[in-house]
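Asker: Shown below is the structure under consideration.
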Amino acid sequence: MSAQDPGPMRGHGPGTSAASPEATVRLDAVSKTYGKGAAAVQALRDVSMSFAKGSFTAVMGPSGSGKSTFLHCAAGLDRPTSGHVRLAGADIGGLDENALTVLRRERIGFVFQAFNLLPSLTVEQNITLPLRLSRRRTDREWLARILKRTGLETRVTHRPSELSGGQQQRVAIARALVTRPEVVFADEPTGALDSTTGREILLLLQESVRSLQQTLIMVTHDPVAASYADLVLFLADGQLAGSLPSPTPDTVAERMAQLGNR
Amino acid sequence: MTGVLRLAWLTLRARKAGFVGAFTALALAFVLITACGVLLESALRSGAPTERYAAADVVIAGQQRITPAERVLRRLRALPGAEKVTAEVSFPAVVITDGREIVGGPEGGPSLGHAWDSAALAPYTLEAGRPPATDDEVVLDSSLADRAGARPGSRLKLATTGPPSVYMVVGVARSPLVPTRQAALFFSPRQAVRLAGGKQPVDAIGVRARSGVSAAELAEQARQAIETLYSADASDASNASDQAGELYASDVLTGDQRGEFEFADSPDPGEALGSFAGTFGAISLFVALFVVAATLALSVQQRMGEIGTLRAIAATPRQIRRMIASETLLVSLAACAVGCPAGIALAALLRAVLADRGLIPEYFPLHVGPTTLLTVVALVVTAAQLAVAVSARRASRVHPTQVLREASTPPPRTGLIRSLAGIVVLVIAAVALAPVARGRGSQDTGAADSLVMVLMLGVALLGPLAARVGSTVLGAPIARLFPVAGFLASAGTRAQYRRLAAAVTPLVLAISFSGTLLAVPELKTRAAETQNSQRLRADHVVRSSGIGLPADYAAEASRIPGVQAVTGLMPVSTTLTSRHEGDTQTHGGQGYAVDEETLPTLLDLDIRAGSLARLRRDTVALGERRAESLGVRVGDTVGVDWEDGTRSDARVVALYARDKGFADLVLPRELAERHSTDPLDDTVLLRTSPTADDNAVQKALQALTAQYPMADPIPRAAYDEARHARQESSNSLSLLLLGMIAAFTAIAVANTLTMSTMERTQEFAMLRLIGATRRHVTRIMLWEAGITVTLAVALGSLVCAAVLVPIALALTGSAVPAVSAGHVLAVLGGTTAFGLVTVLFTTRLALRTHPAQAIGTGR
């Protein structure tokens, strides 16, 4: 499927992928410690992972396993205490706050459990907000494709308060896709939705990754959500605790139960 | 109820931060209103106890002298409850020291001469020496004797109603109340009557009750006795002449009323303070209501989600309302614990400042009573409950499932009823302001300045509508010109117009109050100065200090070479009555008796009807406003009740327009002298001939002060300057008030802006996650603040104009208020800068939270 749709890659030079042909996101021996002295909490211990282009990876783990810290470090929202994070070809350790923001704006998309839309903007304005912030013109053709894919064509002038939860999450996904990012981070994207709507959202994400050759990294604690990924990575006590290719809800739930009982 | 109260307490403890704003606003309200309450109580309690009448249970006195004195005294002596009846006469009297200093009453208190036999009313008792026996002997009260450095045996120069002359001090008498607030000089009865003028002058009568008779019983007897005398007199009024025989209803005074009469003519320190504290209190309460309402509304709106959860788990709307009311009560009480003591401290500070500026005497005591404090607490707590009731009602009515949506976007409609109410309020204000504007040049501004409060109420009610319209009008071009930050700011303010309205209101309040409090006194001062300088044609002014100038002074001044015209201005206190077609109008009339020959040379009163040339004998000229209230025209006759207790008729020969700050009536000196109890000029006006040497005239006038130390001659320019300085110092009180109100509204502005910025921490985090830099967010907020401030400046200027234009029309006839550009710039620029800086600062603060933490990624 991906081979037939080279479109989304047109925006970026070959150099981007050439620098790291395999992995768009790479963590090397990343540790993160919060606090100091006796109160220090080590949220991540020496974690190394890499995420290949066009892959859909779910990161799972029980509460307190370091999932959120992992996401924040991987997405450049937080800096690791030690180790390196390479994101879309750049070592983010060397970037200042502004450069990081620009990187986020142009290379990375975010989808959260809370939809985080601006209530004052229409659906279309919300979707194109990242373009507006970087003063880029909206590619109307591309926008139309995204709207079609997310099923929002008839809702462009609505405001978030007039939409259902599933529709709001679709807007958030469309916003994450509009800059044609190389990586999309999703944090419990179905957490606030019912199971039917959740399934639709996951399918949408899955399909986008495939068709746009993106890297999707999703943090979740829901085995059903994780089963849509190509690969599930498990975290426990801030450390990598195994992986599961071709997951199903049952196998994921089983591994989770084992982790919980350790 | 305890359940709800407990829930409220737990909420407060858990959400301290959310209540800081409400607490600050309430605490400040407590500080200001407690301070006013304490000052007001102190002012009301300043009511002076009687000094001179301490030994008289009942005092009979009136605005005029008592006539016919002999018959009243006879009736009173016949009262069954009366032990002793003493008549008292009073006239101005001061000591002139060898250094030509005037020594009179302490701290500006009265300094009066009496006959020795009325010393028994206090009683003043002889400390040394003996009573005055001959016409040139005098007894001083001990405090005056100390200050004048006099002992029995000293020879002293005294100024009284005539030219200064020398007396022998034969005794020193002690007042029953120390420290005294007046000076008393006792003369022989014969000399006292001579100096007081008139046949049988009696200013007051003190009656001591027989043992077993209460003051109230005695007062009732006296009242009846006077009433029968009056009705007997009225029945044969037909054959009584105008001049005498008529009796004026004198008041029968007991208790504190005696002191009030005693000090009626001396400036009451409590009065200025009372009106200051009253105005200050009313404005503070009003501003507090606004500020607290705005703050509480915002804090309720922030908690819509929480309220929705409570509603969802089956809390009834009533319970929600009660919870919010209880929270507000708890916050109010906490604020009271901090604010009330601070308010008492502020009152003490203000007392010191006012005493320092000489607006109240140094000794003026501060009264802190439980009644005041309880009233203040009740007022503020009630105001807070009223203020929160509206928001609580709206919050509680929301359907549980709607709440989350309500939290993200306000209901699309601005309340129709609210807008209508706002329009009604504005119409009321317009109706009240229209007559002021119509009275072009009438000098009558009525209560225009207090209408700021009504206008503010209208603006607050129409706030959401104004915010909607304003954000659209301002937002559209900004969004087009600045497609990133401008666009987002415009979209934000348009969607969240309620939040915009909440931020705009305190800014409008700040601009309106500081604008009018600064400009109104300025306009009035300028108008008064303009009118005064137009009126006054004299080029030398002699003011009196300590005691008035005797008539001889004006006569001597007129003999100075180069002086062309002189008139004394002798204050006359009258009551004027007009009768036509059975309708009787009675008004007080403060007049000036003048030299009618020279008056037109020295004063330009702007004659509107009749002519001053006809001001002869039994005639008067009336100020337009007094003529209007009496309903008289040139040629009509008015009844005049004189100081000496007589009544006569006078014909109106002229009406003049420049009556403001001058006199209700002007009359020939010869007419006034016949009826005055103290024929002294408070001011003498001089005009020199064009060729005269002004310095020589001034020197001659200075030389004359050797003989008349109470005279203070100054050239015209210096007089105008002194007058200006006096105005400025009285305006300083309103500047003080302005400072307080500005501080309060500033805190309100900071409060609202901070709260409405901080509540958007999550929004900022989201913006930053999708790629907005800190600079982006700051710019968005600055644009929003710009829209907020622009709207506030527009509305605030409208409110100021609505008040100032009618006042300017009334005072000067011009619609453009003569306000200094510096003041306009200070008010508008200050508010703008303050608003922008606050938003910038709080945005920085909100951006400190790491976006990943602020957004709550669903851990």
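To be explicit about the labels: the chains of the structure tokens are called A, B, and onward in the order shown, and within each one the residues are counted from 1, while ligands get numbers from 1 in the order they are shown.
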Could you please select, counting only C-alpha atoms, the residues of chain A within 10 Å of chain B and state them as a ChimeraX atom specification?
Answerer: /A:63-64,66-69,71-72,75-78,97-122,125,129-135,159-162,175-176,186-189,191-192,220-221
Asker: Name the residues in contact with region 236-249 of chain A at a cut-off of 10 Å, using only C-alpha atoms, excluding same-chain residues fewer than 4 positions from it; report them as a PyMOL selection string.
Answerer: chain A and resi 30-32+42-49+57-67+69-70+222-232+253-256+259-260+262
Asker: So, with only C-alpha atoms as the atoms that count, which of B:Ala122, B:Val207, B:Met456, B:Ala35 lies closest to Ala61 (chain B)?
Answerer: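 Of the candidates, the smallest distance to Ala61 (chain B) is held by B:Val207.
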Asker: DSSP on the backbone: what in region 120-246 of chain A comes out strand (DSSP E), as a list in words?
Answerer: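 Across region 120-246 of chain A, those assigned strand (DSSP E) are Val183, Val184, Phe185, Ala186, Asp187, Thr215, Leu216, Ile217, Met218, Val219, Leu231, Val232, Leu233, Phe234, Leu235, Ala236, Gln239, Leu240, Ala241, Gly242, Ser243, Leu244 and Pro245 of chain A.
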Asker: Of the residues A:Glu153, A:Tyr34, A:Arg26, A:Asn126, which is the one nearest to Asp91 (chain A), using only C-alpha atoms?
Answerer: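 Once distances to Asp91 (chain A) are computed over only C-alpha atoms, the minimum belongs to A:Arg26.
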Asker: By how many Å are CA of Met740 (chain B) and CA of Leu39 (chain B) apart?
Answerer: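 Computing the Euclidean distance for CA of Met740 (chain B) and CA of Leu39 (chain B) yields 14.8 Å.
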Asker: Output as a PyMOL selection string all residues of region 304-481 of chain B that backbone DSSP marks as helix (DSSP H, G or I).
Answerer: chain B and resi 304-312+317-356+370-397+400-408+416-438+448-481
